[in-house]
Amino acid sequence: MADPQPLANLRDIHLPEPIGWWPLATGWYVLIALVLLLLACVGYYLYRRFRNNRAKKQALEILSFYQQQYEHEGNTPFFSAKISELLRRVALVYYPRSEVASLQGDAWIDFLNTTGKQLNFQDIRDYLLLLPYQHSNVDVDIKPLFTQANAWIRQRGVPCLN
């Protein structure tokens, strides 16, 4: 005898199992690798920028300290010598030693002028070359020397690997 309700024995439609997120498709691996490579490049760029600016930042902090001390003490020859020394130390970081170490007198001023964009150290030549050797009671305002030194240090770029 025939079953009176043949459709009752049918099962419902079976859906396939949902697709899992693992393992990832090849495109996702490529995208992850590209993102990691991009992050590594950005990290390396930021690290080099930080490392390159570290010497400049330290020199500017020292110059600021010298300026505060100068305003407090007013020893013009001493701070003129300190600024000259600081400029030479910064030059040794950013330029080859063979190019900078032997410079003195007008050659040193010419070097500062050629490496400084739109800076003229001829105006303050005596502050760098003669004033450090004067008596301590010399009353000269060396604020232009601080300004020029600050501008010259700020213009430095990538340090030289002596």
# chains A, B, ... in the order shown; residues from 1 in each chain; ligands from 1
$ residues_around --residues "Tyr127 (chain A)" --least-positions-apart "3" --cutoff "10 Å" --atoms "only C-alpha atoms" --output "list of chain:residue names"
A:Thr76, A:Pro77, A:Phe79, A:Ser80, A:Ala81, A:Ile83, A:Ser84, A:Phe121, A:Gln122, A:Asp123, A:Ile124, A:Leu130, A:Leu131, A:Pro132, A:Tyr133, A:Val140, A:Asp141, A:Ile142, A:Pro144, A:Leu145
$ write_last_selection --atoms "N, CA and C atoms" --output "PDB file, in the first residue's frame"
ATOM      1  N   THR A  76      80.989  87.778  28.284  1.00  0.00           N
ATOM      2  CA  THR A  76      80.965  87.765  26.828  1.00  0.00           C
ATOM      3  C   THR A  76      82.065  86.905  26.197  1.00  0.00           C
ATOM      4  N   PRO A  77      83.336  87.058  26.559  1.00  0.00           N
ATOM      5  CA  PRO A  77      84.387  86.237  25.918  1.00  0.00           C
ATOM      6  C   PRO A  77      84.200  84.736  26.167  1.00  0.00           C
ATOM      7  N   PHE A  79      81.381  83.013  26.715  1.00  0.00           N
ATOM      8  CA  PHE A  79      80.280  82.430  25.949  1.00  0.00           C
ATOM      9  C   PHE A  79      80.512  82.531  24.446  1.00  0.00           C
ATOM     10  N   SER A  80      81.273  83.496  24.024  1.00  0.00           N
ATOM     11  CA  SER A  80      81.665  83.555  22.617  1.00  0.00           C
ATOM     12  C   SER A  80      82.539  82.343  22.273  1.00  0.00           C
ATOM     13  N   ALA A  81      83.449  82.001  23.149  1.00  0.00           N
ATOM     14  CA  ALA A  81      84.292  80.814  22.937  1.00  0.00           C
ATOM     15  C   ALA A  81      83.458  79.538  22.972  1.00  0.00           C
ATOM     16  N   ILE A  83      80.275  79.192  22.169  1.00  0.00           N
ATOM     17  CA  ILE A  83      79.483  79.097  20.936  1.00  0.00           C
ATOM     18  C   ILE A  83      80.365  78.661  19.776  1.00  0.00           C
ATOM     19  N   SER A  84      81.566  79.200  19.700  1.00  0.00           N
ATOM     20  CA  SER A  84      82.492  78.801  18.649  1.00  0.00           C
ATOM     21  C   SER A  84      82.813  77.316  18.748  1.00  0.00           C
ATOM     22  N   PHE A 121      78.182  85.087   8.271  1.00  0.00           N
ATOM     23  CA  PHE A 121      78.975  85.121   9.500  1.00  0.00           C
ATOM     24  C   PHE A 121      80.063  86.192   9.450  1.00  0.00           C
ATOM     25  N   GLN A 122      80.204  86.873   8.322  1.00  0.00           N
ATOM     26  CA  GLN A 122      81.183  87.958   8.245  1.00  0.00           C
ATOM     27  C   GLN A 122      80.813  89.093   9.194  1.00  0.00           C
ATOM     28  N   ASP A 123      79.515  89.307   9.381  1.00  0.00           N
ATOM     29  CA  ASP A 123      79.058  90.373  10.272  1.00  0.00           C
ATOM     30  C   ASP A 123      79.472  90.129  11.718  1.00  0.00           C
ATOM     31  N   ILE A 124      79.571  88.872  12.092  1.00  0.00           N
ATOM     32  CA  ILE A 124      79.923  88.537  13.481  1.00  0.00           C
ATOM     33  C   ILE A 124      81.279  87.832  13.546  1.00  0.00           C
ATOM     34  N   LEU A 130      87.930  86.851  17.490  1.00  0.00           N
ATOM     35  CA  LEU A 130      88.721  87.723  18.365  1.00  0.00           C
ATOM     36  C   LEU A 130      88.180  87.814  19.788  1.00  0.00           C
ATOM     37  N   LEU A 131      86.869  87.867  19.919  1.00  0.00           N
ATOM     38  CA  LEU A 131      86.268  88.086  21.231  1.00  0.00           C
ATOM     39  C   LEU A 131      86.615  87.015  22.267  1.00  0.00           C
ATOM     40  N   PRO A 132      86.742  85.744  21.913  1.00  0.00           N
ATOM     41  CA  PRO A 132      87.089  84.748  22.939  1.00  0.00           C
ATOM     42  C   PRO A 132      88.433  84.999  23.617  1.00  0.00           C
ATOM     43  N   TYR A 133      89.299  85.802  23.003  1.00  0.00           N
ATOM     44  CA  TYR A 133      90.621  86.034  23.562  1.00  0.00           C
ATOM     45  C   TYR A 133      90.748  87.402  24.237  1.00  0.00           C
ATOM     46  N   VAL A 140      80.202  93.621  25.201  1.00  0.00           N
ATOM     47  CA  VAL A 140      79.688  93.524  23.837  1.00  0.00           C
ATOM     48  C   VAL A 140      78.462  92.624  23.881  1.00  0.00           C
ATOM     49  N   ASP A 141      77.440  92.997  23.147  1.00  0.00           N
ATOM     50  CA  ASP A 141      76.230  92.177  23.086  1.00  0.00           C
ATOM     51  C   ASP A 141      76.410  91.105  22.004  1.00  0.00           C
ATOM     52  N   ILE A 142      76.419  89.844  22.404  1.00  0.00           N
ATOM     53  CA  ILE A 142      76.649  88.761  21.437  1.00  0.00           C
ATOM     54  C   ILE A 142      75.344  88.060  21.053  1.00  0.00           C
ATOM     55  N   PRO A 144      73.506  88.642  18.447  1.00  0.00           N
ATOM     56  CA  PRO A 144      73.549  88.241  17.026  1.00  0.00           C
ATOM     57  C   PRO A 144      74.309  86.931  16.808  1.00  0.00           C
ATOM     58  N   LEU A 145      75.308  86.672  17.622  1.00  0.00           N
ATOM     59  CA  LEU A 145      76.040  85.410  17.517  1.00  0.00           C
ATOM     60  C   LEU A 145      75.140  84.240  17.902  1.00  0.00           C
TER      61      LEU A 145
END
$ atom_distance --atom1 "CA of Ala107 (chain A)" --atom2 "CA of Leu129 (chain A)"
11.0 Å
$ closest_residue --among "A:Tyr29, A:Tyr66, A:Phe78, A:Tyr44" --to "His135 (chain A)" --atoms "only C-alpha atoms"
A:Phe78
$ select_by_dssp --residues "chain A" --states "helix (DSSP H, G or I)" --output "PyMOL selection string"
chain A and resi 6-9+26-73+76-94+97-100+106-115+125-129+131-133+143-154
$ closest_residue --among "A:Phe146, A:Pro159, A:Gln67, A:Leu87" --to "Phe50 (chain A)" --atoms "only C-alpha atoms"
A:Pro159
$ closest_residue --among "A:Lys143, A:Arg125, A:Lys57, A:Arg51" --to "Cys160 (chain A)" --atoms "only C-alpha atoms"
A:Arg51
$ closest_residue --among "A:Arg88, A:Ile153, A:Leu128, A:Trp22" --to "Leu103 (chain A)" --atoms "only C-alpha atoms"
A:Arg88
$ closest_residue --among "A:Ala91, A:Val158, A:Leu119, A:Cys41" --to "Asn53 (chain A)" --atoms "only C-alpha atoms"
A:Val158
$ closest_residue --among "A:Thr115, A:Asn52, A:Asn137, A:Ser64" --to "Asn150 (chain A)" --atoms "only C-alpha atoms"
A:Ser64
